[in-house]
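Undergrad: Sharing a structure here in structure tokens format.
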Amino acid sequence: MPLAPPGPQVLHFGDYALDLQSGELIRQGNRFPLPDQPFRILTLLLRQPGSVVTREDLRREIWRDDTFVDFEHGLNAAVKRLRAMLGDSATAPRFIETLPRRGYRFIGDLAPVPETLDPSVPAEAAPARRTRVRAAWAGGILLLVVALGAVLLRQPARSVRAANLIRLTSTSGLNADPALSPDGRLLAYASDRAGSGGLDIWVQPVGAGEPLQLTSDPADEAEPSFSPDGSEIVFSRHNSGLYVVGALGGTARLIARAEWARTPRFSPDGHWIAYWTGFPATVVAGGIPGALASISVVQSNGGPPLVLRPQLASARYPIWSPDGGRILFLGEENTDNKLFDWYVLRREGGDLVKTGAAQQIAAAGLVAGPPIPGSWSASRKSVVFSTNEADSSNLWEIPISPNTGHVTGNPRRLTFSTAIERSPAVAISGQIAFSSVVENVDIWRVPVDERTGIATGPLERVTDNPASDRLRSVSFDGKTMAFISSRAKADEVWVRDIPSGRERQVTHGGADDATLSPDGARIVFSKVEAGARSLSIMSAEGGPSSPVCADCSIPADWSPDCRHVLLGKGLPSRLIVHDLTTGEETDLTAHPTWNLHQAHFSNDAQWVAFHTTNSPNVRQVYATRAVAGRSTVPREWVPIVTDHGCHPSWSADGSLVYHFSFRDGAFCPWVQRIDPATKRPMGPPRAVLHLHNPRLRATTGAAATNDIQAGYFYFTATEATGNIWMLDDRRD
């Protein structure tokens, strides 16, 4: 028996509306895609307005298949994020009431759906037949959700009007790197939904149907792309190479062996696969062998790869022209200055053309990073790309002539959400699949062996908040931590008592950096007003602050005796020591062209470690004696990390230097043993732990701050979740 018509698909409450079809929150005509878990929680609450939805109900309905995320943390974080998007409060709720240890209840006004059924119309513009939630509404909503039951897990393909967003996956994990089959019927993507902690390749119908797992290797498998006939999928396997597997299953076969092979794409005739090797454009990787990127092509049935060698410093993200005769890619003119543009060349490697896209895209205000080309679409007559902002990014397209390779118009925005949207893939029909990612920045720690510096136990979460929490420093006894957080809608200094978990906000006028005294009693923090930076000092308990200096730069560290503060000052920067009692400043060291960052005293106050910005593409770690007096000659420094390293921290006895590096292809914490007397490196560096899990990384929106105190390595990390959406803006 066929189901009855599902009824309205947009629910209005307060000054908001929830579009059950697209998963978007609507306010005053503006649409905001909800992250998966908040969307499903809100839908379940609206299913039973006025009634309690228990924590067990939420576990059973939303977290039943998730083996990675701790349920209590995941639920608390998702509800906090939902409240933040609704402007709601746990202490004075308008919509979501908390029943301690039991669950949640929707207490808002739920309005009848306007007759227009147009989700772009604000609720207040509808007929004013709004009533208080009644039991009859509860029954009506329950029938509605039963009829729409499949909406929570997948969105069916349907004839849609222009600019419709459709959710294609709905899990609480990470789903990324979408690919659409040429006919738009199949979706392939990378996902951790198997629960193993890594990424595998999955495929599912764009309409109704169960997802099928195609791969299960322990290494991350990602970046799938369909062959022109839709029968095969090429993908990359971390630290291994490129593989091809049948679109509906089978044994994957190796096509090209390469340690860092990325974004493989079939040519339109199916005979070739283009890909690139090396590190992403935003990565600072000078000094790491093989990090500078190059593009290659290989026959789709295997064979020796052909490395294309345009006269450029690096080349990344190749995509094919609609006729398959050319390859467009992101090219780097100068690694020291990181100057990028899109270029086009023939498959054989000749006739290099600079498109001019970078200038046009920058003119549109997109200057946060190099634009990543996603697909060159014949039906759209443009290249679809994603921007590279950290907090939010959208999809755009820009017309490029397939004949000349030059830009022929201005970029056009395709999506307008506040989410992080990446990896657009375009079907022949013009439909665009993309990943919408939610990133949450928190502070984590791991116990380490004090002799070797290697992790000895599991990761532990220290802060747990939907806002961005970034570590600054921990007291010597490991009991007090200072961090910068956006919880108050602006960056402020917060302090956490680690044993009890009690947290308090200590600044209220803004702060962009801070450092906690070794005894945990005082904080020096900086803020920028009217373009000028100033430093102030205050008690870690809060209260009034006093100025330290008005022309200082970022506060770096305290001396162990808590009498001096180490500061960076000027550009190129120099390191100075500021006496908190007298206000006297003395130069410690400097360089005529390099910037010096993240300086830290050793615990015996005899040495200072710091990392250098030799160029936009080079980071190295040095140590110098903590003796006041002008020093501008690099030979007075002891080199500790010369391939790639940043954000150094000392072990308590001064025999180890912790730092972050990309040397293994991911941004991981490393430790270098050094001679206690001379500070010269002894032996190769070793990884403290490997942060290769796609759900938790020490990069992407998180500064690589770290500290080592009381047997723990503390650091800032980014946790990512995401789902796949499809934009269908075809015009009938």
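Order determines the names: the first chain of the structure tokens is A, the second B, and so forth; residues in each chain are numbered 1 upward, and ligands are numbered 1 upward as they are shown.
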If we count only C-alpha atoms, what is near A:Pro370 at a cut-off of 10 Å, once residues fewer than 3 positions away on the same chain are taken out, given as a list of chain:residue names?
TA: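 Once the nearby chain positions are removed, what remains is A:Ala281, A:Thr282, A:Leu330, A:Gly331, A:Glu332, A:Lys338, A:Leu339, A:Phe340, A:Asp341, A:Trp342, A:Ala358, A:Ile361, A:Ala362, A:Leu366, A:Val367, A:Pro373, A:Ser386, A:Thr387, A:Asn388, A:Glu389.
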Undergrad: Restrict the selected residues to all heavy atoms and save them as a compact mmCIF listing (two decimals), in the first residue's frame.
TA:
# COMPACT_ATOMS: atom_id res chain seq x y z
N ALA A 281 49.29 22.59 -0.92
CA ALA A 281 49.85 23.92 -1.16
C ALA A 281 49.99 24.74 0.11
O ALA A 281 50.88 25.57 0.22
CB ALA A 281 48.98 24.67 -2.17
N THR A 282 49.11 24.51 1.09
CA THR A 282 49.15 25.30 2.31
C THR A 282 50.19 24.81 3.30
O THR A 282 50.44 25.46 4.32
CB THR A 282 47.77 25.29 2.99
OG1 THR A 282 47.35 23.93 3.18
CG2 THR A 282 46.75 26.02 2.13
N LEU A 330 46.81 23.60 -10.26
CA LEU A 330 47.29 24.68 -9.43
C LEU A 330 48.81 24.68 -9.47
O LEU A 330 49.45 23.73 -9.04
CB LEU A 330 46.82 24.50 -7.98
CG LEU A 330 47.30 25.55 -6.97
CD1 LEU A 330 46.67 26.90 -7.24
CD2 LEU A 330 47.01 25.10 -5.54
N GLY A 331 49.38 25.76 -10.01
CA GLY A 331 50.82 25.85 -10.16
C GLY A 331 51.41 26.89 -9.23
O GLY A 331 50.78 27.91 -8.93
N GLU A 332 52.62 26.63 -8.79
CA GLU A 332 53.32 27.53 -7.87
C GLU A 332 54.53 28.09 -8.59
O GLU A 332 55.41 27.35 -9.02
CB GLU A 332 53.73 26.76 -6.62
CG GLU A 332 54.34 27.61 -5.53
CD GLU A 332 54.60 26.79 -4.27
OE1 GLU A 332 54.52 25.54 -4.34
OE2 GLU A 332 54.89 27.40 -3.23
N LYS A 338 55.38 31.57 -2.32
CA LYS A 338 54.09 30.88 -2.48
C LYS A 338 53.14 31.67 -3.37
O LYS A 338 52.04 32.08 -2.96
CB LYS A 338 53.47 30.58 -1.12
CG LYS A 338 54.14 29.40 -0.40
CD LYS A 338 53.37 28.96 0.82
CE LYS A 338 53.94 27.67 1.41
NZ LYS A 338 53.73 26.50 0.56
N LEU A 339 53.56 31.90 -4.60
CA LEU A 339 52.74 32.58 -5.60
C LEU A 339 52.06 31.52 -6.47
O LEU A 339 52.74 30.73 -7.12
CB LEU A 339 53.60 33.51 -6.44
CG LEU A 339 54.31 34.63 -5.68
CD1 LEU A 339 55.23 35.41 -6.62
CD2 LEU A 339 53.31 35.56 -5.01
N PHE A 340 50.73 31.55 -6.52
CA PHE A 340 49.97 30.50 -7.21
C PHE A 340 49.10 31.09 -8.32
O PHE A 340 48.69 32.24 -8.27
CB PHE A 340 49.06 29.77 -6.22
CG PHE A 340 49.78 28.99 -5.16
CD1 PHE A 340 50.00 29.54 -3.90
CD2 PHE A 340 50.25 27.71 -5.41
CE1 PHE A 340 50.65 28.83 -2.92
CE2 PHE A 340 50.90 26.99 -4.43
CZ PHE A 340 51.10 27.54 -3.19
N ASP A 341 48.80 30.24 -9.28
CA ASP A 341 47.76 30.50 -10.26
C ASP A 341 47.36 29.15 -10.84
O ASP A 341 48.00 28.12 -10.58
CB ASP A 341 48.24 31.44 -11.37
CG ASP A 341 47.09 32.15 -12.08
OD1 ASP A 341 45.93 31.71 -11.93
OD2 ASP A 341 47.35 33.14 -12.79
N TRP A 342 46.27 29.14 -11.60
CA TRP A 342 45.91 27.95 -12.36
C TRP A 342 46.60 28.01 -13.71
O TRP A 342 46.68 29.07 -14.35
CB TRP A 342 44.41 27.88 -12.57
CG TRP A 342 43.63 27.61 -11.33
CD1 TRP A 342 44.11 27.32 -10.08
CD2 TRP A 342 42.21 27.63 -11.20
NE1 TRP A 342 43.09 27.15 -9.20
CE2 TRP A 342 41.90 27.33 -9.86
CE3 TRP A 342 41.16 27.86 -12.08
CZ2 TRP A 342 40.59 27.26 -9.39
CZ3 TRP A 342 39.86 27.79 -11.62
CH2 TRP A 342 39.58 27.49 -10.29
N ALA A 358 43.79 33.24 -10.63
CA ALA A 358 44.12 33.69 -9.28
C ALA A 358 43.79 35.15 -9.07
O ALA A 358 43.26 35.55 -8.03
CB ALA A 358 45.58 33.42 -8.98
N ILE A 361 39.97 35.58 -8.92
CA ILE A 361 39.42 35.04 -7.69
C ILE A 361 39.77 35.93 -6.51
O ILE A 361 38.95 36.18 -5.62
CB ILE A 361 39.91 33.60 -7.49
CG1 ILE A 361 39.31 32.69 -8.58
CG2 ILE A 361 39.58 33.07 -6.11
CD1 ILE A 361 39.90 31.30 -8.63
N ALA A 362 41.00 36.44 -6.48
CA ALA A 362 41.39 37.35 -5.40
C ALA A 362 40.57 38.63 -5.45
O ALA A 362 40.23 39.20 -4.40
CB ALA A 362 42.88 37.66 -5.50
N LEU A 366 38.51 36.45 -2.25
CA LEU A 366 38.91 35.13 -1.77
C LEU A 366 40.43 35.08 -1.71
O LEU A 366 41.10 34.69 -2.66
CB LEU A 366 38.37 34.05 -2.71
CG LEU A 366 36.86 34.10 -2.94
CD1 LEU A 366 36.43 33.04 -3.95
CD2 LEU A 366 36.12 33.91 -1.64
N VAL A 367 40.97 35.47 -0.57
CA VAL A 367 42.42 35.61 -0.45
C VAL A 367 42.99 34.77 0.68
O VAL A 367 44.16 34.88 1.02
CB VAL A 367 42.80 37.09 -0.21
CG1 VAL A 367 42.43 37.93 -1.42
CG2 VAL A 367 42.12 37.63 1.05
N PRO A 373 41.06 23.72 -7.68
CA PRO A 373 40.14 23.34 -8.76
C PRO A 373 39.54 21.97 -8.50
O PRO A 373 40.23 21.03 -8.09
CB PRO A 373 41.04 23.34 -10.01
CG PRO A 373 42.42 23.11 -9.49
CD PRO A 373 42.47 23.76 -8.14
N SER A 386 36.64 25.13 -4.75
CA SER A 386 36.34 25.48 -3.36
C SER A 386 37.36 26.47 -2.87
O SER A 386 38.52 26.46 -3.30
CB SER A 386 36.34 24.23 -2.47
OG SER A 386 37.61 23.60 -2.50
N THR A 387 36.93 27.33 -1.97
CA THR A 387 37.85 28.25 -1.33
C THR A 387 38.55 27.56 -0.18
O THR A 387 38.25 26.44 0.17
CB THR A 387 37.10 29.50 -0.85
OG1 THR A 387 36.05 29.08 0.04
CG2 THR A 387 36.50 30.25 -2.02
N ASN A 388 39.48 28.27 0.44
CA ASN A 388 40.36 27.61 1.40
C ASN A 388 40.32 28.26 2.78
O ASN A 388 41.24 28.11 3.56
CB ASN A 388 41.80 27.63 0.88
CG ASN A 388 42.62 26.50 1.47
OD1 ASN A 388 42.14 25.39 1.59
ND2 ASN A 388 43.85 26.79 1.84
N GLU A 389 39.24 29.01 3.08
CA GLU A 389 39.14 29.61 4.41
C GLU A 389 39.04 28.51 5.46
O GLU A 389 38.52 27.43 5.21
CB GLU A 389 37.91 30.52 4.50
CG GLU A 389 38.02 31.78 3.69
CD GLU A 389 37.58 31.61 2.24
OE1 GLU A 389 37.34 30.46 1.82
OE2 GLU A 389 37.47 32.62 1.55
Undergrad: Kindly indicate which residue among A:Gln213, A:Asn76, A:Ser649, A:Thr263 lies nearest to A:Trp670, using only C-alpha atoms for the distances.
TA: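 The shortest atom-to-atom distance to A:Trp670 comes from A:Ser649.
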Undergrad: Enter the distance from atom CA of A:Leu165 to atom CA of A:Gly23, in Å, rounded to one decimal.
TA: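 Interatomic distance here is 8.7 Å.
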Undergrad: Run DSSP on the backbone and give me the residues of stretch 344-533 of chain A it puts in alpha helix (DSSP H), as a ChimeraX atom specification.
TA: /A:357-363
Undergrad: So that I have them on file, write out the residues from the current selection with all heavy atoms, as an mmCIF file, in the first residue's frame.
TA:
data_model
loop_
_atom_site.group_PDB
_atom_site.id
_atom_site.type_symbol
_atom_site.label_atom_id
_atom_site.label_comp_id
_atom_site.auth_asym_id
_atom_site.auth_seq_id
_atom_site.Cartn_x
_atom_site.Cartn_y
_atom_site.Cartn_z
ATOM 1 N N ALA A 357 43.336 32.977 -13.393
ATOM 2 C CA ALA A 357 42.232 32.772 -12.456
ATOM 3 C C ALA A 357 42.535 33.340 -11.079
ATOM 4 O O ALA A 357 41.644 33.867 -10.401
ATOM 5 C CB ALA A 357 41.917 31.276 -12.341
ATOM 6 N N ALA A 358 43.787 33.244 -10.633
ATOM 7 C CA ALA A 358 44.118 33.687 -9.276
ATOM 8 C C ALA A 358 43.791 35.155 -9.073
ATOM 9 O O ALA A 358 43.256 35.555 -8.027
ATOM 10 C CB ALA A 358 45.582 33.419 -8.980
ATOM 11 N N GLN A 359 44.103 35.976 -10.063
ATOM 12 C CA GLN A 359 43.833 37.407 -9.940
ATOM 13 C C GLN A 359 42.335 37.679 -9.880
ATOM 14 O O GLN A 359 41.870 38.493 -9.074
ATOM 15 C CB GLN A 359 44.460 38.153 -11.117
ATOM 16 C CG GLN A 359 44.276 39.666 -11.058
ATOM 17 C CD GLN A 359 44.985 40.377 -12.206
ATOM 18 O OE1 GLN A 359 45.689 39.752 -12.989
ATOM 19 N NE2 GLN A 359 44.797 41.680 -12.289
ATOM 20 N N GLN A 360 41.560 36.988 -10.726
ATOM 21 C CA GLN A 360 40.111 37.190 -10.733
ATOM 22 C C GLN A 360 39.484 36.707 -9.431
ATOM 23 O O GLN A 360 38.576 37.345 -8.879
ATOM 24 C CB GLN A 360 39.485 36.431 -11.918
ATOM 25 C CG GLN A 360 39.861 36.974 -13.275
ATOM 26 C CD GLN A 360 39.080 38.230 -13.624
ATOM 27 O OE1 GLN A 360 38.219 38.666 -12.869
ATOM 28 N NE2 GLN A 360 39.377 38.833 -14.760
ATOM 29 N N ILE A 361 39.969 35.584 -8.918
ATOM 30 C CA ILE A 361 39.416 35.038 -7.688
ATOM 31 C C ILE A 361 39.773 35.929 -6.505
ATOM 32 O O ILE A 361 38.951 36.176 -5.616
ATOM 33 C CB ILE A 361 39.915 33.596 -7.493
ATOM 34 C CG1 ILE A 361 39.308 32.692 -8.582
ATOM 35 C CG2 ILE A 361 39.579 33.068 -6.109
ATOM 36 C CD1 ILE A 361 39.903 31.299 -8.635
ATOM 37 N N ALA A 362 41.002 36.437 -6.480
ATOM 38 C CA ALA A 362 41.395 37.347 -5.401
ATOM 39 C C ALA A 362 40.570 38.626 -5.446
ATOM 40 O O ALA A 362 40.230 39.198 -4.401
ATOM 41 C CB ALA A 362 42.882 37.656 -5.497
ATOM 42 N N ALA A 363 40.236 39.088 -6.653
ATOM 43 C CA ALA A 363 39.438 40.307 -6.784
ATOM 44 C C ALA A 363 38.042 40.126 -6.204
ATOM 45 O O ALA A 363 37.389 41.103 -5.825
ATOM 46 C CB ALA A 363 39.350 40.718 -8.253
#
Undergrad: Find the residues near stretch 406-418 of chain A: any atom within 7 Å, counting only C-alpha atoms, skip ones fewer than 3 places away on the same chain, and give them as a PyMOL selection string.
TA: chain A and resi 31-33+355-357+360-361+392+394-401
